[in-house]
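Colleague: Got data.cif for you, mmCIF, C-alpha atoms:
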data_upload
loop_
_atom_site.label_atom_id
_atom_site.label_comp_id
_atom_site.auth_asym_id
_atom_site.auth_seq_id
_atom_site.Cartn_x
_atom_site.Cartn_y
_atom_site.Cartn_z
CA MET S 16 0.00 0.00 0.00
CA LYS S 17 1.38 3.39 -1.03
CA ARG S 18 1.78 5.80 1.85
CA VAL S 19 0.24 9.26 1.52
CA ARG S 20 1.95 12.63 1.90
CA ALA S 21 0.55 15.29 4.21
CA VAL S 22 0.81 18.97 4.93
CA PHE S 23 0.47 19.68 8.65
CA LEU S 24 -0.60 23.23 9.42
CA ASP S 25 -0.40 24.98 12.75
CA ARG S 26 -3.40 27.21 13.44
CA ASP S 27 -2.62 30.48 15.26
CA GLY S 28 -0.04 32.43 13.26
CA VAL S 29 -0.36 30.24 10.15
CA ILE S 30 -4.10 30.03 9.42
CA ASN S 31 -5.30 32.99 11.47
CA PHE S 32 -3.83 36.10 13.03
CA PRO S 33 -2.24 35.11 16.32
CA PRO S 34 -3.90 36.31 19.51
CA SER S 35 -2.68 39.75 20.52
CA ALA S 36 -2.71 40.74 24.18
CA LYS S 37 -4.41 37.51 25.20
CA ARG S 38 -2.66 34.19 24.67
CA TYR S 39 -5.64 32.44 23.08
CA ILE S 40 -8.42 32.80 20.57
CA THR S 41 -11.37 32.03 22.85
CA ARG S 42 -14.36 32.58 20.54
CA TRP S 43 -15.12 32.82 16.83
CA GLU S 44 -15.46 36.62 16.89
CA GLU S 45 -11.71 36.84 17.68
CA PHE S 46 -10.69 34.55 14.81
CA ARG S 47 -9.47 36.28 11.62
CA PHE S 48 -7.92 34.45 8.67
CA LEU S 49 -4.54 35.73 7.56
CA PRO S 50 -4.42 37.15 4.00
CA GLY S 51 -4.13 34.50 1.30
CA VAL S 52 -4.81 31.55 3.63
CA LEU S 53 -8.11 30.45 2.11
CA ASP S 54 -6.62 30.41 -1.40
CA SER S 55 -3.52 28.61 -0.14
CA VAL S 56 -5.54 25.88 1.56
CA LYS S 57 -7.57 25.50 -1.65
CA LYS S 58 -4.35 25.03 -3.66
CA LEU S 59 -2.99 22.51 -1.16
CA SER S 60 -6.35 20.72 -1.27
CA SER S 61 -6.04 20.22 -5.02
CA SER S 62 -2.84 18.24 -4.49
CA ARG S 63 -2.91 14.59 -3.47
CA ARG S 64 -1.82 15.43 0.07
CA LYS S 65 -3.80 15.15 3.26
CA ILE S 66 -4.22 18.55 4.91
CA ILE S 67 -4.10 18.25 8.69
CA LEU S 68 -4.28 20.96 11.32
CA VAL S 69 -2.18 20.44 14.47
CA SER S 70 -2.26 22.96 17.30
CA ASN S 71 -1.47 23.31 21.00
CA GLN S 72 -4.50 24.79 22.79
CA ALA S 73 -3.64 24.63 26.49
CA GLY S 74 -6.21 27.32 27.23
CA VAL S 75 -8.76 24.53 27.52
CA GLU S 76 -7.02 22.83 30.45
CA ARG S 77 -6.19 26.22 31.97
CA GLY S 78 -9.91 27.03 31.97
CA VAL S 79 -9.54 30.08 29.72
CA PHE S 80 -12.04 28.61 27.25
CA SER S 81 -13.98 25.38 26.97
CA LYS S 82 -13.74 22.43 24.62
CA ALA S 83 -17.15 23.55 23.34
CA ASN S 84 -15.67 26.97 22.42
CA LEU S 85 -12.77 25.26 20.66
CA LYS S 86 -15.16 22.96 18.73
CA GLU S 87 -17.29 25.94 17.68
CA ILE S 88 -14.25 27.90 16.43
CA THR S 89 -13.05 24.82 14.56
CA ARG S 90 -16.46 24.12 13.01
CA LYS S 91 -16.76 27.69 11.71
CA MET S 92 -13.15 27.75 10.49
CA LEU S 93 -13.65 24.49 8.56
CA HIS S 94 -16.91 25.76 7.09
CA ALA S 95 -15.19 28.95 5.87
CA ILE S 96 -12.35 26.91 4.32
CA GLU S 97 -14.77 24.52 2.61
CA SER S 98 -16.95 27.36 1.31
CA ARG S 99 -13.85 28.68 -0.52
CA GLY S 100 -13.05 25.29 -2.08
CA GLY S 101 -10.47 24.07 0.43
CA ARG S 102 -10.46 21.20 2.86
CA ILE S 103 -8.89 20.13 6.11
CA ASP S 104 -8.89 16.33 6.41
CA ALA S 105 -8.37 16.20 10.17
CA VAL S 106 -7.80 18.45 13.17
CA TYR S 107 -5.67 17.48 16.15
CA TYR S 108 -5.40 19.64 19.25
CA CYS S 109 -3.31 19.17 22.35
CA THR S 110 -5.37 20.79 25.10
CA HIS S 111 -2.90 19.88 27.86
CA ILE S 112 -0.74 22.29 29.82
CA PRO S 113 3.03 21.99 29.20
CA GLU S 114 3.64 20.66 32.73
CA ARG S 115 1.87 17.41 31.81
CA HIS S 116 4.67 16.51 29.37
CA CYS S 117 2.17 14.63 27.22
CA ARG S 118 3.16 13.03 23.92
CA CYS S 119 0.77 15.14 21.89
CA ARG S 120 2.05 18.57 22.94
CA LYS S 121 4.46 20.26 20.55
CA PRO S 122 7.41 20.01 20.17
CA ARG S 123 6.66 16.31 20.65
CA ALA S 124 5.31 14.59 17.55
CA GLY S 125 2.34 12.72 19.02
CA MET S 126 -0.25 14.51 16.88
CA LEU S 127 1.76 13.76 13.71
CA ARG S 128 2.20 10.11 14.61
CA LYS S 129 -1.50 9.72 15.42
CA ALA S 130 -2.42 11.19 12.03
CA ALA S 131 0.19 8.99 10.33
CA ARG S 132 -1.42 5.85 11.76
CA ARG S 133 -4.93 6.98 10.84
CA PHE S 134 -4.14 7.98 7.24
CA SER S 135 -1.12 5.73 6.43
CA LEU S 136 1.05 8.82 6.02
CA ASP S 137 4.63 8.89 4.86
CA LEU S 138 6.04 11.40 7.35
CA ARG S 139 9.38 11.60 5.50
CA ARG S 140 7.54 12.95 2.46
CA SER S 141 5.30 15.26 4.51
CA VAL S 142 5.69 18.90 5.53
CA VAL S 143 4.93 20.80 8.73
CA VAL S 144 4.14 24.51 8.41
CA GLY S 145 4.36 26.50 11.62
CA ASP S 146 5.18 29.90 13.03
CA ASN S 147 7.60 29.01 15.83
CA ALA S 148 10.45 26.74 16.86
CA THR S 149 8.18 24.17 18.54
CA ASP S 150 6.42 23.54 15.23
CA ILE S 151 9.74 23.12 13.44
CA LYS S 152 11.14 20.80 16.11
CA MET S 153 7.96 18.70 16.05
CA GLY S 154 8.21 18.23 12.30
CA GLN S 155 11.91 17.47 12.35
CA SER S 156 11.55 14.94 15.16
CA ALA S 157 9.01 13.02 13.05
CA GLY S 158 11.22 13.15 9.95
CA CYS S 159 9.09 15.73 8.13
CA ARG S 160 10.31 18.73 6.22
CA ALA S 161 9.62 21.90 8.17
CA VAL S 162 8.60 25.34 6.92
CA LEU S 163 8.51 28.40 9.15
CA VAL S 164 6.12 31.20 8.21
CA LEU S 165 6.78 34.74 9.42
CA THR S 166 3.12 35.61 10.04
CA GLY S 167 3.02 34.58 13.67
CA MET S 168 5.29 34.36 16.66
CA THR S 169 8.72 34.33 15.02
CA GLY S 170 10.40 37.14 13.10
CA ARG S 171 13.16 36.72 10.51
CA THR S 172 16.00 37.37 13.00
CA ALA S 173 14.73 34.78 15.49
CA ALA S 174 13.98 32.36 12.62
CA LYS S 175 17.64 32.32 11.65
CA LYS S 176 18.55 31.19 15.18
CA ILE S 177 16.40 28.03 15.12
CA SER S 178 18.63 25.00 15.29
CA PRO S 179 18.47 22.85 13.34
CA PRO S 180 17.04 25.34 10.87
CA PRO S 181 13.76 24.85 9.02
CA ASP S 182 13.94 23.60 5.43
CA PHE S 183 12.42 26.87 4.27
CA ILE S 184 11.45 30.23 5.76
CA ALA S 185 8.37 31.68 4.06
CA ARG S 186 6.84 35.12 4.26
CA ASP S 187 3.38 33.54 4.70
CA LEU S 188 1.32 30.46 3.90
CA SER S 189 1.05 31.51 0.23
CA ALA S 190 4.85 31.39 -0.16
CA ALA S 191 5.02 28.15 1.83
CA THR S 192 2.37 26.61 -0.44
CA ARG S 193 4.33 27.53 -3.58
CA TRP S 194 7.46 25.94 -2.05
CA ILE S 195 5.56 22.77 -1.06
CA LEU S 196 3.85 22.31 -4.43
CA LYS S 197 7.15 22.66 -6.31
CA ARG S 198 8.63 19.71 -4.45
CA LYS S 199 7.79 16.27 -5.77
CA ALA S 200 9.02 14.51 -2.63
CA ALA S 201 7.26 16.79 -0.18
#
Please lay out the structure from this file as structure tokens.

Modeller:
Amino acid sequence: MKRVRAVFLDRDGVINFPPSAKRYITRWEEFRFLPGVLDSVKKLSSSRRKIILVSNQAGVERGVFSKANLKEITRKMLHAIESRGGRIDAVYYCTHIPERHCRCRKPRAGMLRKAARRFSLDLRRSVVVGDNATDIKMGQSAGCRAVLVLTGMTGRTAAKKISPPPDFIARDLSAATRWILKRKAA
């Protein structure tokens, strides 16, 4: 059986504007797609890759927002993506606080491995797109290529200090998508 490639997307800072003063997006009214994201997800969707969202959302365990709030935000986000011709095949959240040291919390690769089992993914031919070092480390630890976008938590100067470095540093998801689609093995 041929294993499938995937593009793993972080949420805050890749799909939507990251939270400002607060640390979390707690309701749909605070969620705003970054420019070009809906078109980028549509382009990725037209490839033969699985599109999977992976995101730490410890605000649930901290009591900042509920699982119901998170599900509502996700439902509306997916609807908006689908209404523009895109798709997200699966969504994985780690809702644990860092002190739990769970396997699913980035930079650990538990969410990637869970998706790989479910979809028979070839992680070595897959790509993680994130906006900070934990996303990059998660992807690298699973054997994925890793792309850092500069639309979230990490600026260009800090991006150059990530070690080992990402495979590519992109201005935004549109540039990351062009890079991904040019690569036959990714």

Colleague: Report the residues retrieved by the PyMOL selection byres ((chain S and resi 73) around 8) from the displayed file, expressed as a PyMOL selection string.

Modeller: chain S and resi 71-72+74-77+109-113

Colleague: Where does the PyMOL selection byres ((chain S and resi 31) around 6) land in this file, that is, which residues does it pick, as an mmCIF file with C-alpha atoms, in the frame of the given file?

Modeller:
data_model
loop_
_atom_site.group_PDB
_atom_site.id
_atom_site.type_symbol
_atom_site.label_atom_id
_atom_site.label_comp_id
_atom_site.auth_asym_id
_atom_site.auth_seq_id
_atom_site.Cartn_x
_atom_site.Cartn_y
_atom_site.Cartn_z
ATOM 1 C CA ASP S 27 -2.620 30.480 15.260
ATOM 2 C CA GLY S 28 -0.040 32.430 13.260
ATOM 3 C CA VAL S 29 -0.360 30.240 10.150
ATOM 4 C CA ILE S 30 -4.100 30.030 9.420
ATOM 5 C CA PHE S 32 -3.830 36.100 13.030
ATOM 6 C CA ARG S 47 -9.470 36.280 11.620
ATOM 7 C CA PHE S 48 -7.920 34.450 8.670
ATOM 8 C CA LEU S 49 -4.540 35.730 7.560
#

Colleague: I'd like to know which of S:Lys65, S:Asp25, S:Arg128, S:Pro33 is closest to S:Ala148, using only C-alpha atoms.

Modeller: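 That would be S:Asp25, the residue with the smallest distance to S:Ala148.
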
Colleague: How many Å lie between atom CA of S:Leu196 and atom CA of S:His94, rounded to one decimal?

Modeller: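 It comes out at 24.0 Å.
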
Colleague: Using only C-alpha atoms, which of the listed residues (S:Ala190, S:Ser70, S:Met153, S:Asp146) sits closest to S:Gly167?

Modeller: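 Closest to S:Gly167, using only C-alpha atoms: S:Asp146.
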
Colleague: For the file shown, report as a list of chain:residue names the outcome of the PyMOL selection byres ((chain S and resi 96) around 12) at residue level.

Modeller: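 Written out, the selection comes to S:Ile30, S:Asn31, S:Phe48, S:Gly51, S:Val52, S:Leu53, S:Asp54, S:Ser55, S:Val56, S:Lys57, S:Lys58, S:Leu59, S:Ser60, S:Ile66, S:Thr89, S:Arg90, S:Lys91, S:Met92, S:Leu93, S:His94, S:Ala95, S:Glu97, S:Ser98, S:Arg99, S:Gly100, S:Gly101, S:Arg102, S:Ile103, S:Asp104.
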
Colleague: Keeping only C-alpha atoms, write the selected residues as a PDB file, in the coordinates of the input.

Modeller:
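Written out: out.pdb:
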ATOM      1  CA  ILE S  30      -4.100  30.030   9.420  1.00  0.00           C
ATOM      2  CA  ASN S  31      -5.300  32.990  11.470  1.00  0.00           C
ATOM      3  CA  PHE S  48      -7.920  34.450   8.670  1.00  0.00           C
ATOM      4  CA  GLY S  51      -4.130  34.500   1.300  1.00  0.00           C
ATOM      5  CA  VAL S  52      -4.810  31.550   3.630  1.00  0.00           C
ATOM      6  CA  LEU S  53      -8.110  30.450   2.110  1.00  0.00           C
ATOM      7  CA  ASP S  54      -6.620  30.410  -1.400  1.00  0.00           C
ATOM      8  CA  SER S  55      -3.520  28.610  -0.140  1.00  0.00           C
ATOM      9  CA  VAL S  56      -5.540  25.880   1.560  1.00  0.00           C
ATOM     10  CA  LYS S  57      -7.570  25.500  -1.650  1.00  0.00           C
ATOM     11  CA  LYS S  58      -4.350  25.030  -3.660  1.00  0.00           C
ATOM     12  CA  LEU S  59      -2.990  22.510  -1.160  1.00  0.00           C
ATOM     13  CA  SER S  60      -6.350  20.720  -1.270  1.00  0.00           C
ATOM     14  CA  ILE S  66      -4.220  18.550   4.910  1.00  0.00           C
ATOM     15  CA  THR S  89     -13.050  24.820  14.560  1.00  0.00           C
ATOM     16  CA  ARG S  90     -16.460  24.120  13.010  1.00  0.00           C
ATOM     17  CA  LYS S  91     -16.760  27.690  11.710  1.00  0.00           C
ATOM     18  CA  MET S  92     -13.150  27.750  10.490  1.00  0.00           C
ATOM     19  CA  LEU S  93     -13.650  24.490   8.560  1.00  0.00           C
ATOM     20  CA  HIS S  94     -16.910  25.760   7.090  1.00  0.00           C
ATOM     21  CA  ALA S  95     -15.190  28.950   5.870  1.00  0.00           C
ATOM     22  CA  GLU S  97     -14.770  24.520   2.610  1.00  0.00           C
ATOM     23  CA  SER S  98     -16.950  27.360   1.310  1.00  0.00           C
ATOM     24  CA  ARG S  99     -13.850  28.680  -0.520  1.00  0.00           C
ATOM     25  CA  GLY S 100     -13.050  25.290  -2.080  1.00  0.00           C
ATOM     26  CA  GLY S 101     -10.470  24.070   0.430  1.00  0.00           C
ATOM     27  CA  ARG S 102     -10.460  21.200   2.860  1.00  0.00           C
ATOM     28  CA  ILE S 103      -8.890  20.130   6.110  1.00  0.00           C
ATOM     29  CA  ASP S 104      -8.890  16.330   6.410  1.00  0.00           C
TER      30      ASP S 104
END

Colleague: Which value, in Å to one decimal, gives the distance between atom CA of S:Pro34 and atom CA of S:Met168?

Modeller: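 Those two atoms sit 9.8 Å apart.
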
Colleague: If we draw a sphere of 9 Å around (2.9, 17.5, 20.8), which residues have at least one atom in it when counting all atoms listed in the file? Please report them as a ChimeraX atom specification.

Modeller: /S:69-71,108-109,116-127,149-150,153

Colleague: How many Å lie between atom CA of S:Ser135 and atom CA of S:Arg64, rounded to one decimal?

Modeller: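 Spanning atom CA of S:Ser135 to atom CA of S:Arg64 is a straight-line distance of 11.6 Å.
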
Colleague: So which residues touch stretch 184-186 of chain S within 8 Å, counting all atoms listed in the file, skipping near sequence neighbours fewer than 2 positions away, as an mmCIF file with C-alpha atoms, in the frame of the given file?

Modeller:
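What landed in out26.cif:
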data_model
loop_
_atom_site.group_PDB
_atom_site.id
_atom_site.type_symbol
_atom_site.label_atom_id
_atom_site.label_comp_id
_atom_site.auth_asym_id
_atom_site.auth_seq_id
_atom_site.Cartn_x
_atom_site.Cartn_y
_atom_site.Cartn_z
ATOM 1 C CA VAL S 162 8.600 25.340 6.920
ATOM 2 C CA LEU S 163 8.510 28.400 9.150
ATOM 3 C CA VAL S 164 6.120 31.200 8.210
ATOM 4 C CA LEU S 165 6.780 34.740 9.420
ATOM 5 C CA THR S 166 3.120 35.610 10.040
ATOM 6 C CA ALA S 174 13.980 32.360 12.620
ATOM 7 C CA PRO S 181 13.760 24.850 9.020
ATOM 8 C CA ASP S 182 13.940 23.600 5.430
ATOM 9 C CA LEU S 188 1.320 30.460 3.900
ATOM 10 C CA SER S 189 1.050 31.510 0.230
ATOM 11 C CA ALA S 190 4.850 31.390 -0.160
ATOM 12 C CA ALA S 191 5.020 28.150 1.830
#
